[in-house]
>>> print(open('start30.txt').read())   # compact mmCIF, C-alpha atoms
# COMPACT_ATOMS: atom_id res chain seq x y z
CA MET M 140 -4.25 6.66 -20.05
CA SER M 141 -0.66 7.75 -19.72
CA ARG M 142 1.95 5.08 -19.26
CA PRO M 143 4.81 6.36 -17.10
CA GLU M 144 6.63 3.02 -17.45
CA LEU M 145 7.19 3.87 -21.12
CA VAL M 146 8.76 7.23 -20.26
CA ALA M 147 11.71 6.24 -18.09
CA PRO M 148 12.80 3.53 -15.61
CA PRO M 149 11.05 3.87 -12.23
CA GLU M 150 14.05 5.12 -10.25
CA ILE M 151 14.41 7.99 -12.72
CA TYR M 152 10.75 8.68 -13.44
CA TYR M 153 9.94 8.96 -9.74
CA GLY M 154 12.50 11.64 -8.97
CA ASP M 155 12.11 14.12 -6.13
CA ILE M 156 9.42 16.19 -7.83
CA GLU M 157 7.38 13.34 -9.25
CA ALA M 158 7.53 11.45 -5.94
CA LYS M 159 6.06 14.42 -4.05
CA LYS M 160 3.43 15.00 -6.71
CA TYR M 161 2.44 11.36 -6.65
CA THR M 162 2.14 11.22 -2.89
CA ASN M 163 0.21 14.47 -2.48
CA ASN M 164 -2.30 13.82 -5.25
CA SER M 165 -5.55 13.06 -3.45
CA ARG M 166 -6.97 11.18 -6.42
CA ILE M 167 -3.98 8.83 -6.58
CA GLN M 168 -4.20 8.41 -2.80
CA GLN M 169 -7.85 7.39 -3.12
CA ILE M 170 -7.22 4.92 -5.94
CA GLN M 171 -4.23 3.40 -4.16
CA ALA M 172 -6.20 3.06 -0.94
CA ASP M 173 -9.13 1.39 -2.69
CA MET M 174 -6.83 -1.06 -4.42
CA THR M 175 -4.94 -1.82 -1.21
CA TYR M 176 -8.17 -2.63 0.62
CA ARG M 177 -9.23 -4.83 -2.29
CA ALA M 178 -5.84 -6.56 -2.31
CA LEU M 179 -6.12 -7.20 1.42
CA GLU M 180 -9.56 -8.65 0.85
CA LEU M 181 -8.19 -10.96 -1.85
CA LEU M 182 -5.29 -11.89 0.41
CA ASN M 183 -7.82 -13.55 2.68
CA LEU M 184 -5.71 -13.41 5.83
CA PRO M 185 -7.05 -15.01 9.02
CA PRO M 186 -9.12 -12.32 10.77
CA ASP M 187 -7.86 -10.44 13.84
CA GLU M 188 -4.34 -11.79 13.59
CA PRO M 189 -1.45 -9.43 12.92
CA ALA M 190 0.36 -10.69 9.83
CA PHE M 191 3.85 -10.04 8.48
CA LEU M 192 3.46 -8.80 4.92
CA LEU M 193 5.70 -7.81 2.03
CA ASP M 194 4.76 -4.65 0.12
CA ILE M 195 6.42 -4.89 -3.28
CA GLY M 196 7.01 -1.47 -4.77
CA CYS M 197 5.86 0.29 -1.62
CA GLY M 198 6.76 3.73 -2.96
CA SER M 199 6.01 6.47 -0.48
CA GLY M 200 4.05 4.12 1.76
CA LEU M 201 0.51 4.93 0.62
CA SER M 202 -0.42 1.27 0.74
CA GLY M 203 1.75 0.65 3.79
CA GLU M 204 -0.26 3.16 5.82
CA ILE M 205 -3.34 1.07 5.26
CA LEU M 206 -1.49 -2.06 6.33
CA ASP M 207 -0.55 -0.18 9.51
CA GLU M 208 -4.16 0.77 10.09
CA GLU M 209 -5.22 -2.83 9.70
CA GLY M 210 -2.68 -3.81 12.33
CA HIS M 211 -0.20 -5.68 10.16
CA MET M 212 3.58 -5.55 10.23
CA TRP M 213 5.15 -5.01 6.85
CA VAL M 214 8.38 -4.72 4.93
CA GLY M 215 8.47 -2.51 1.86
CA VAL M 216 10.81 -2.64 -1.10
CA ASP M 217 11.10 -0.04 -3.84
CA ILE M 218 13.65 0.96 -6.42
CA ALA M 219 13.06 4.72 -6.38
CA PRO M 220 15.16 6.43 -3.67
CA SER M 221 13.08 9.61 -3.87
CA MET M 222 9.91 7.68 -3.13
CA LEU M 223 11.55 6.01 -0.13
CA GLU M 224 12.69 9.41 1.09
CA VAL M 225 9.11 10.63 1.03
CA ALA M 226 8.13 7.47 2.90
CA LEU M 227 10.73 8.29 5.56
CA GLU M 228 9.36 11.81 5.87
CA ARG M 229 5.88 10.42 6.34
CA GLU M 230 7.22 8.17 9.11
CA VAL M 231 5.64 4.91 7.98
CA GLU M 232 5.91 1.95 10.33
CA GLY M 233 7.36 -0.67 8.02
CA ASP M 234 10.98 -1.45 7.23
CA LEU M 235 12.07 -0.07 3.87
CA PHE M 236 14.51 -1.52 1.37
CA LEU M 237 16.03 -0.04 -1.74
CA GLN M 238 15.76 -3.01 -4.03
CA ASP M 239 15.21 -3.90 -7.66
CA ILE M 240 12.53 -6.58 -7.62
CA GLY M 241 13.73 -7.79 -11.01
CA GLN M 242 16.98 -8.83 -9.34
CA GLY M 243 15.13 -11.04 -6.88
CA PHE M 244 14.73 -10.93 -3.13
CA GLY M 245 17.17 -12.18 -0.51
CA PHE M 246 14.57 -13.14 2.07
CA ARG M 247 14.83 -16.48 3.81
CA PRO M 248 12.24 -19.12 2.86
CA GLY M 249 8.86 -18.81 4.54
CA SER M 250 9.42 -15.29 5.83
CA PHE M 251 6.10 -13.67 4.96
CA ASP M 252 2.41 -14.37 5.55
CA GLY M 253 1.57 -12.74 2.26
CA ALA M 254 2.59 -10.15 -0.28
CA ILE M 255 0.81 -7.27 -1.96
CA SER M 256 1.92 -5.05 -4.78
CA ILE M 257 -0.03 -2.09 -6.13
CA SER M 258 0.64 -0.80 -9.66
CA VAL M 259 4.15 -2.19 -9.96
CA LEU M 260 4.41 -5.24 -12.19
CA GLN M 261 4.07 -3.27 -15.45
CA TRP M 262 7.42 -1.65 -14.66
CA LEU M 263 9.10 -5.04 -15.08
CA LEU M 264 7.96 -5.35 -18.68
CA ASN M 265 10.53 -3.02 -20.21
CA ALA M 266 14.15 -3.88 -20.91
CA GLU M 267 16.45 -1.04 -19.85
CA THR M 268 19.69 -2.45 -21.23
CA SER M 269 20.61 -5.17 -23.70
CA HIS M 270 22.24 -7.28 -20.98
CA PRO M 271 20.57 -10.72 -20.73
CA THR M 272 19.68 -10.15 -17.06
CA SER M 273 17.74 -7.08 -18.10
CA SER M 274 15.21 -8.86 -20.31
CA PRO M 275 11.63 -8.90 -18.94
CA PRO M 276 11.27 -12.71 -18.87
CA HIS M 277 14.54 -13.07 -16.97
CA ARG M 278 13.60 -10.41 -14.46
CA LEU M 279 10.09 -11.78 -14.02
CA THR M 280 11.46 -15.28 -13.49
CA ARG M 281 13.91 -14.07 -10.86
CA PHE M 282 11.17 -12.06 -9.18
CA PHE M 283 8.60 -14.85 -9.02
CA ILE M 284 11.04 -17.58 -7.95
CA THR M 285 12.45 -15.57 -5.06
CA LEU M 286 8.98 -14.31 -4.10
CA HIS M 287 7.65 -17.86 -4.05
CA ALA M 288 10.48 -18.87 -1.76
CA ALA M 289 9.98 -15.93 0.59
CA LEU M 290 6.30 -16.71 1.21
CA LYS M 291 5.18 -19.29 3.73
CA ASN M 292 3.02 -22.25 2.80
CA PRO M 293 0.08 -21.74 2.45
CA SER M 294 -0.19 -18.06 1.63
CA ARG M 295 -1.13 -15.68 -1.15
CA ALA M 296 0.39 -12.86 -3.14
CA ILE M 297 -1.90 -10.24 -4.68
CA LEU M 298 -0.30 -8.14 -7.38
CA GLN M 299 -2.31 -5.38 -9.00
CA PHE M 300 -0.92 -4.07 -12.26
CA TYR M 301 -1.83 -2.31 -15.49
CA PRO M 302 -1.23 -4.57 -18.48
CA THR M 303 -1.32 -3.06 -21.96
CA SER M 304 -2.27 -6.29 -23.70
CA ASP M 305 -3.39 -9.83 -23.12
CA ASP M 306 0.06 -10.99 -24.21
CA GLN M 307 1.54 -9.32 -21.14
CA ILE M 308 -0.92 -11.08 -18.84
CA GLN M 309 -0.10 -14.35 -20.60
CA LEU M 310 3.65 -13.83 -20.15
CA ILE M 311 3.35 -12.92 -16.49
CA THR M 312 1.00 -15.75 -15.53
CA SER M 313 3.03 -18.37 -17.39
CA ILE M 314 6.24 -17.31 -15.64
CA ALA M 315 4.46 -17.24 -12.27
CA GLN M 316 3.19 -20.76 -12.86
CA LYS M 317 6.67 -21.98 -13.76
CA ALA M 318 7.92 -20.49 -10.50
CA GLY M 319 5.48 -22.73 -8.63
CA PHE M 320 2.55 -20.41 -8.01
CA GLY M 321 -1.06 -21.45 -8.43
CA GLY M 322 -3.91 -19.07 -9.04
CA GLY M 323 -4.77 -16.68 -11.81
CA VAL M 324 -6.00 -13.28 -12.81
CA VAL M 325 -8.94 -11.51 -11.19
CA VAL M 326 -10.44 -8.64 -13.14
CA ASP M 327 -12.60 -6.11 -11.30
CA TYR M 328 -15.17 -4.14 -13.31
CA PRO M 329 -14.15 -5.72 -16.63
CA ASN M 330 -16.62 -3.61 -18.62
CA SER M 331 -15.51 -0.26 -17.32
CA LYS M 332 -12.66 1.55 -18.98
CA LYS M 333 -11.66 3.53 -15.91
CA ALA M 334 -12.55 1.31 -12.97
CA ARG M 335 -11.19 -1.87 -14.57
CA LYS M 336 -8.45 -3.32 -12.35
CA VAL M 337 -6.36 -6.41 -12.94
CA PHE M 338 -5.19 -8.38 -9.93
CA LEU M 339 -2.80 -11.28 -10.23
CA CYS M 340 -3.90 -13.64 -7.48
CA LEU M 341 -1.11 -16.10 -6.72
CA PHE M 342 -1.25 -18.99 -4.27
CA VAL M 343 1.62 -20.73 -2.56
CA GLY M 344 0.69 -24.29 -1.70
CA GLY M 345 -2.89 -25.33 -1.35
CA GLY M 346 -3.08 -27.39 1.81
CA GLY M 347 -4.69 -30.36 0.02
CA GLY M 348 -7.62 -28.92 -1.93
CA ALA M 349 -6.85 -26.45 -4.67
CA GLN M 350 -7.62 -22.85 -3.76
CA GLN M 351 -10.35 -21.13 -5.70
CA VAL M 352 -9.50 -18.02 -7.62
CA PRO M 353 -11.77 -15.29 -6.23
CA LYS M 354 -14.36 -13.64 -8.42
CA GLY M 355 -13.82 -10.14 -9.78
CA LEU M 356 -16.18 -7.35 -8.83
CA GLU M 357 -18.92 -6.35 -11.26
CA SER M 358 -20.35 -2.88 -11.43
CA GLU M 359 -23.91 -2.50 -10.14
CA VAL M 360 -26.77 -2.94 -12.60
CA GLU M 361 -28.04 0.58 -12.00
CA ASP M 362 -25.14 2.17 -13.80
CA GLU M 363 -25.44 -0.05 -16.82
CA GLY M 364 -27.68 0.62 -19.78
CA LYS M 365 -28.29 4.19 -18.74
CA VAL M 366 -26.30 7.03 -20.13
CA GLN M 367 -25.04 9.53 -17.60
CA PHE M 368 -26.42 12.47 -19.60
CA GLU M 369 -29.96 11.22 -19.26
CA LYS M 370 -29.94 11.53 -15.52
CA ARG M 371 -29.18 15.20 -15.77
CA ARG M 372 -32.02 15.64 -18.20
CA GLU M 373 -34.40 13.95 -15.78
CA ARG M 374 -33.39 16.33 -13.07
CA LEU M 375 -34.00 19.32 -15.36
CA LYS M 376 -37.42 18.02 -16.26
CA SER M 377 -38.47 17.56 -12.67
CA ARG M 378 -37.41 21.08 -11.79
CA SER M 379 -39.49 22.79 -14.49
CA GLY M 380 -42.58 20.67 -13.80
CA GLY M 381 -42.79 21.13 -10.03
CA LYS M 382 -44.47 24.09 -8.31
CA ARG M 383 -42.05 26.71 -7.14
CA LYS M 384 -42.15 27.90 -3.57
CA ASN M 385 -42.94 31.58 -3.14
CA ILE M 386 -39.82 33.42 -2.09
CA LYS M 387 -41.57 36.48 -0.62
CA ASP M 388 -43.37 34.72 2.21
CA LYS M 389 -44.32 36.05 5.61
CA ASP M 390 -40.84 35.56 7.08
CA TRP M 391 -39.29 37.48 4.23
CA ILE M 392 -41.71 40.41 4.63
CA LEU M 393 -41.16 40.56 8.39
CA LYS M 394 -37.42 40.51 7.91
CA LYS M 395 -37.58 43.37 5.40
CA LYS M 396 -39.81 45.48 7.60
CA GLU M 397 -37.50 44.95 10.57
CA LEU M 398 -34.61 46.01 8.40
CA TYR M 399 -36.34 49.21 7.30
CA ARG M 400 -37.22 50.07 10.91
CA GLN M 401 -33.60 49.62 11.91
CA ARG M 402 -32.55 51.94 9.14
CA GLY M 403 -35.07 54.51 10.31
CA LYS M 404 -37.25 54.50 7.22
CA GLU M 405 -40.54 56.32 7.67
CA GLY M 406 -43.96 54.83 7.17
CA VAL M 407 -43.16 51.18 7.65
CA PRO M 408 -46.54 49.42 8.20
CA ASN M 409 -47.16 47.74 11.53
CA ASP M 410 -47.02 43.96 11.83
CA SER M 411 -50.37 42.26 12.29
CA LYS M 412 -52.01 38.91 11.79
CA TYR M 413 -52.81 40.02 8.23
CA THR M 414 -49.18 40.58 7.32
CA GLY M 415 -48.16 38.52 4.30
CA ARG M 416 -51.59 36.95 3.92
CA LYS M 417 -53.18 36.43 0.54
CA ARG M 418 -56.41 38.23 -0.27
CA LYS M 419 -59.48 36.28 -1.16
CA ALA M 420 -60.39 36.12 -4.82
CA VAL M 421 -63.62 38.06 -4.30
CA PHE M 422 -61.86 41.14 -3.00
CA MET U 85 14.86 1.37 9.50
CA VAL U 86 16.61 -1.95 9.54
CA ARG U 87 15.15 -3.69 12.54
CA LEU U 88 16.40 -7.04 13.70
CA ILE U 89 13.10 -8.63 12.74
CA THR U 90 13.86 -8.01 9.07
CA HIS U 91 17.57 -8.53 9.45
CA ASN U 92 16.74 -12.01 10.67
CA LEU U 93 14.97 -12.76 7.39
CA LEU U 94 17.60 -11.30 5.14
CA ALA U 95 20.17 -13.37 3.27
CA CYS U 96 22.57 -12.38 0.51
CA HIS U 97 21.02 -12.74 -2.93
CA ALA U 98 24.03 -12.16 -5.17
CA LYS U 99 24.72 -14.60 -7.99
CA GLY U 100 26.15 -17.94 -6.87
CA CYS U 101 26.02 -16.98 -3.19
CA THR U 102 23.81 -19.77 -1.92
CA SER U 103 25.47 -21.18 1.18
CA ASN U 104 26.69 -19.53 4.35
CA ASN U 105 25.02 -16.33 3.13
CA PHE U 106 23.12 -15.73 6.37
CA PRO U 107 23.12 -13.80 8.67
CA LEU U 108 24.55 -10.63 7.21
CA LEU U 109 27.08 -9.02 9.53
CA PHE U 110 26.69 -5.43 10.67
CA GLN U 111 29.51 -3.00 10.07
CA ASP U 112 29.91 0.45 11.67
CA ALA U 113 26.28 0.33 12.71
CA ALA U 114 24.73 3.47 14.16
CA VAL U 115 21.78 2.41 16.31
CA GLU U 116 18.71 4.36 17.25
CA LEU U 117 16.07 3.23 19.74
CA ARG U 118 12.43 3.97 19.00
CA ASP U 119 9.41 2.85 20.96
CA ALA U 120 6.97 0.51 19.26
CA ASP U 121 3.63 -0.92 20.30
CA PHE U 122 3.92 -4.22 22.13
CA ASN U 123 1.94 -7.05 20.54
CA ALA U 124 2.36 -10.38 22.30
CA ASP U 125 0.25 -12.40 19.83
CA PHE U 126 2.34 -11.25 16.91
CA LEU U 127 5.59 -12.15 18.70
CA ARG U 128 4.31 -15.60 19.65
CA GLY U 129 3.27 -16.23 16.06
CA PHE U 130 6.53 -14.97 14.68
CA LEU U 131 8.84 -16.90 17.00
CA PRO U 132 8.98 -20.13 14.96
CA ARG U 133 10.17 -18.16 11.94
CA LEU U 134 13.20 -16.69 13.71
CA GLU U 135 16.72 -18.08 13.48
CA TRP U 136 17.49 -17.82 17.16
CA PRO U 137 21.33 -17.96 17.12
CA ALA U 138 21.42 -15.39 14.30
CA LEU U 139 19.14 -13.06 16.24
CA VAL U 140 21.20 -13.32 19.42
CA GLY U 141 24.40 -12.81 17.42
CA ALA U 142 23.05 -9.73 15.68
CA ALA U 143 21.76 -8.28 18.94
CA ARG U 144 25.17 -8.79 20.57
CA GLN U 145 26.83 -7.07 17.61
CA LEU U 146 24.63 -4.07 18.27
CA GLY U 147 25.46 -4.14 21.97
CA ASP U 148 22.28 -5.67 23.35
CA THR U 149 22.85 -8.73 25.52
CA SER U 150 19.42 -9.13 27.07
CA LEU U 151 18.51 -12.29 25.15
CA PRO U 152 19.61 -15.75 26.33
CA ALA U 153 21.86 -17.78 24.01
CA GLU U 154 19.35 -20.64 23.97
CA GLN U 155 15.74 -20.07 23.00
CA PRO U 156 13.73 -20.61 26.19
CA ASP U 157 10.75 -22.96 26.17
CA MET U 158 8.71 -20.79 28.49
CA LEU U 159 7.27 -17.68 26.90
CA ASP U 160 6.68 -15.46 29.92
CA ASP U 161 5.85 -11.78 29.66
CA ASP U 162 9.31 -10.70 30.74
CA PHE U 163 10.93 -12.64 27.91
CA LEU U 164 8.44 -11.35 25.34
CA GLN U 165 9.15 -7.78 26.41
CA LYS U 166 12.86 -8.32 25.87
CA LEU U 167 12.22 -9.96 22.52
CA HIS U 168 9.95 -7.09 21.54
CA HIS U 169 12.67 -4.60 22.37
CA VAL U 170 15.34 -6.43 20.39
CA LEU U 171 13.15 -7.22 17.37
CA LEU U 172 11.19 -4.03 16.91
CA GLU U 173 12.75 -1.15 18.80
CA ILE U 174 16.40 -1.27 17.73
CA HIS U 175 16.81 0.53 14.42
CA VAL U 176 20.07 0.56 12.51
CA GLU U 177 20.26 3.97 10.86
CA GLU U 178 23.70 4.05 9.25
CA GLY U 179 26.43 1.55 8.46
CA ALA U 180 26.48 -1.53 6.27
CA MET U 181 25.65 -5.21 6.16
CA VAL U 182 28.26 -7.61 4.83
CA CYS U 183 27.64 -11.09 3.45
CA PRO U 184 29.76 -13.61 5.39
CA ASN U 185 30.29 -15.67 2.24
CA CYS U 186 30.85 -13.40 -0.78
CA LYS U 187 31.69 -10.25 1.22
CA HIS U 188 29.15 -8.22 -0.71
CA VAL U 189 28.51 -4.97 1.15
CA TYR U 190 24.97 -3.65 1.44
CA PRO U 191 25.29 -0.07 2.64
CA ILE U 192 22.64 1.38 4.94
CA SER U 193 21.95 5.08 4.71
CA ASN U 194 19.16 6.96 6.42
CA GLY U 195 17.89 3.64 7.72
CA ILE U 196 17.34 2.24 4.23
CA PRO U 197 19.61 -0.59 3.10
CA ASN U 198 20.67 -0.53 -0.51
CA MET U 199 20.08 -4.07 -1.81
CA LEU U 200 20.83 -3.29 -5.47
CA LEU U 201 23.25 -5.58 -7.26
CA ALA U 202 25.64 -4.81 -10.10
CA GLU U 203 24.89 -6.42 -13.46
CA HIS U 204 27.42 -9.24 -13.03
CA GLU U 205 26.03 -10.17 -9.61
CA ILE U 206 22.46 -10.79 -10.74
CA GLY U 207 21.53 -14.44 -10.52
>>> encode(input="start30.txt", output="structure tokens")
Amino acid sequence: MSRPELVAPPEIYYGDIEAKKYTNNSRIQQIQADMTYRALELLNLPPDEPAFLLDIGCGSGLSGEILDEEGHMWVGVDIAPSMLEVALEREVEGDLFLQDIGQGFGFRPGSFDGAISISVLQWLLNAETSHPTSSPPHRLTRFFITLHAALKNPSRAILQFYPTSDDQIQLITSIAQKAGFGGGVVVDYPNSKKARKVFLCLFVGGGGGAQQVPKGLESEVEDEGKVQFEKRRERLKSRSGGKRKNIKDKDWILKKKELYRQRGKEGVPNDSKYTGRKRKAVF
Amino acid sequence: MVRLITHNLLACHAKGCTSNNFPLLFQDAAVELRDADFNADFLRGFLPRLEWPALVGAARQLGDTSLPAEQPDMLDDDFLQKLHHVLLEIHVEEGAMVCPNCKHVYPISNGIPNMLLAEHEIG
């Protein structure tokens, strides 16, 4: 899998061209939508109540559109101006901010009912300059502390990201815990290379009893233990074994004769009840 | 698309700017009005989170004086409609927001405020 966060900082990587490409790619749209729905599910908001959510790294508003559909109000922050421009063109409903999440948020305490973030956190794991405020732990600390403050009590933040190693997960969860969050990591489809998704499931407050970290999704049993190639082979086998339907049946013959008559061909036999019938074996 | 609903949640986050950093003041604001769907339940739920004096102040700055200076106890439909208009339909497209304490300027262009800080301002 390619790692764009290793190529350039987000505001440069997602320039005008890349931002358009990203937004118009139907496969990315599908993946983002699936993850947004899953994040909303993990967010566990009270049903049928419009909530006020924070979309961290909203980009061109792919995830925001789904929040709109679900009837929520949202505020989006992103560091890439080109992505925000695309979001403006797409006329998303939420308020947009050009903001570096590693510098922290300026939202007043208790502003949001929840926060989601799709494929963003891995961008915080690279140091762009040697300045102390640019080191990943410093930026993560700033991010989690201000995020914790901006969320109301109780609420949740669901952050999906692509870690390269367990050390990264360790670093992120330990900093989140220091910032006051409870919760942990939820891994969907842990055995699949492609479908595997890591969600950081953070809780603010607990309201007495500790909140349970939700369970990750497992792939269905059907897919496991069976190689994909075998299914194709089964299909091939069934095709050769079964009886083939005769192509030149009565309908086909009638159609051909009609065609010949239209073309004015001579000697086309008349249609009768014997047309297209099979002769008996004794004939 | 700075609406007053988000402006009311926004404080300055520069280094060392921890008191008197709210609300940010509008400067040379260019306002655009856009219709939004009215949702009474959302407004009722959101009301406790608002800083009322800051909201009224910001609305007055943008030339809208429909809200009373004191938050009314009765939430009738007329009041909710006014609140809806002020919170969700007034968009600040151009201009800037200035921190009353450290005077940091957050420019707004194309409806998107630039909240980036310089290296020495990061807390």
>>> interface_residues(input="start30.txt", of="chain M", to="chain U", cutoff="7 Å", atoms="all atoms listed in the file", output="PyMOL selection string")
chain M and resi 189+234-239+242+244-247+250+272
>>> write_last_selection(input="start30.txt", atoms="C-alpha atoms", output="PDB file, in the coordinates of the input")
ATOM      1  CA  PRO M 189      -1.450  -9.430  12.920  1.00  0.00           C
ATOM      2  CA  ASP M 234      10.980  -1.450   7.230  1.00  0.00           C
ATOM      3  CA  LEU M 235      12.070  -0.070   3.870  1.00  0.00           C
ATOM      4  CA  PHE M 236      14.510  -1.520   1.370  1.00  0.00           C
ATOM      5  CA  LEU M 237      16.030  -0.040  -1.740  1.00  0.00           C
ATOM      6  CA  GLN M 238      15.760  -3.010  -4.030  1.00  0.00           C
ATOM      7  CA  ASP M 239      15.210  -3.900  -7.660  1.00  0.00           C
ATOM      8  CA  GLN M 242      16.980  -8.830  -9.340  1.00  0.00           C
ATOM      9  CA  PHE M 244      14.730 -10.930  -3.130  1.00  0.00           C
ATOM     10  CA  GLY M 245      17.170 -12.180  -0.510  1.00  0.00           C
ATOM     11  CA  PHE M 246      14.570 -13.140   2.070  1.00  0.00           C
ATOM     12  CA  ARG M 247      14.830 -16.480   3.810  1.00  0.00           C
ATOM     13  CA  SER M 250       9.420 -15.290   5.830  1.00  0.00           C
ATOM     14  CA  THR M 272      19.680 -10.150 -17.060  1.00  0.00           C
TER      15      THR M 272
END
>>> closest_residue(input="start30.txt", among="M:Phe320, M:Phe338, M:Phe191, M:Tyr153", to="M:Glu224", atoms="only C-alpha atoms")
M:Tyr153
>>> atom_distance(input="start30.txt", atom1="atom CA of M:Val343", atom2="atom CA of U:Ser103")
24.1 Å
>>> atom_distance(input="start30.txt", atom1="atom CA of M:His287", atom2="atom CA of M:Lys317")
10.6 Å
>>> atom_distance(input="start30.txt", atom1="atom CA of M:Leu223", atom2="atom CA of U:Ser193")
11.5 Å
>>> closest_residue(input="start30.txt", among="M:Asp305, M:Asp194, M:Glu267, M:Glu180", to="M:Asp217", atoms="all atoms listed in the file")
M:Asp194
>>> closest_residue(input="start30.txt", among="U:Leu109, U:Leu117, U:Cys101, U:Leu88", to="U:Met181", atoms="only C-alpha atoms")
U:Leu109
>>> residues_around(input="start30.txt", residues="U:Leu151", least_positions_apart="5", cutoff="8 Å", atoms="only C-alpha atoms", output="list in words")
Val140, Lys166 and Leu167 of chain U
>>> write_last_selection(input="start30.txt", atoms="C-alpha atoms", output="CSV table (one decimal), keeping the file's coordinate frame")
chain,number,residue,atom,x,y,z
U,140,VAL,CA,21.2,-13.3,19.4
U,166,LYS,CA,12.9,-8.3,25.9
U,167,LEU,CA,12.2,-10.0,22.5
>>> residues_around(input="start30.txt", residues="U:Val115", least_positions_apart="5", cutoff="9 Å", atoms="all atoms listed in the file", output="list in words")
Leu146, Ile174, His175, Val176, Glu177 and Glu178 of chain U
>>> decode(input="start30.txt", residues="stretch 155-166 of chain U", atoms="N, CA, C and O atoms", output="short mmCIF file (atom, residue, chain, number, x, y, z; two decimals), in the first residue's frame")
data_model
loop_
_atom_site.label_atom_id
_atom_site.label_comp_id
_atom_site.auth_asym_id
_atom_site.auth_seq_id
_atom_site.Cartn_x
_atom_site.Cartn_y
_atom_site.Cartn_z
N GLN U 155 -31.24 36.49 27.24
CA GLN U 155 -31.81 35.25 26.70
C GLN U 155 -33.19 35.03 27.31
O GLN U 155 -33.32 34.94 28.53
N PRO U 156 -34.24 34.94 26.47
CA PRO U 156 -35.58 34.78 27.01
C PRO U 156 -35.79 33.37 27.57
O PRO U 156 -35.17 32.42 27.14
N ASP U 157 -36.69 33.28 28.57
CA ASP U 157 -36.97 31.97 29.16
C ASP U 157 -37.92 31.17 28.29
O ASP U 157 -37.88 29.95 28.26
N MET U 158 -38.81 31.92 27.61
CA MET U 158 -39.81 31.24 26.78
C MET U 158 -39.24 30.98 25.39
O MET U 158 -38.73 31.88 24.74
N LEU U 159 -39.31 29.73 24.96
CA LEU U 159 -38.81 29.41 23.63
C LEU U 159 -39.99 29.26 22.67
O LEU U 159 -40.39 28.16 22.33
N ASP U 160 -40.56 30.39 22.25
CA ASP U 160 -41.67 30.28 21.29
C ASP U 160 -41.11 30.18 19.86
O ASP U 160 -39.92 30.37 19.63
N ASP U 161 -41.99 29.88 18.94
CA ASP U 161 -41.58 29.60 17.57
C ASP U 161 -40.94 30.82 16.92
O ASP U 161 -39.97 30.72 16.18
N ASP U 162 -41.50 31.99 17.27
CA ASP U 162 -41.01 33.23 16.69
C ASP U 162 -39.55 33.44 17.06
O ASP U 162 -38.70 33.75 16.21
N PHE U 163 -39.24 33.20 18.35
CA PHE U 163 -37.87 33.38 18.83
C PHE U 163 -36.93 32.37 18.16
O PHE U 163 -35.82 32.71 17.74
N LEU U 164 -37.39 31.12 18.05
CA LEU U 164 -36.55 30.09 17.45
C LEU U 164 -36.25 30.40 15.98
O LEU U 164 -35.14 30.15 15.50
N GLN U 165 -37.24 30.98 15.30
CA GLN U 165 -37.01 31.36 13.90
C GLN U 165 -35.92 32.41 13.80
O GLN U 165 -35.03 32.34 12.95
N LYS U 166 -35.99 33.39 14.71
CA LYS U 166 -34.97 34.46 14.71
C LYS U 166 -33.60 33.86 15.00
O LYS U 166 -32.60 34.19 14.36
#
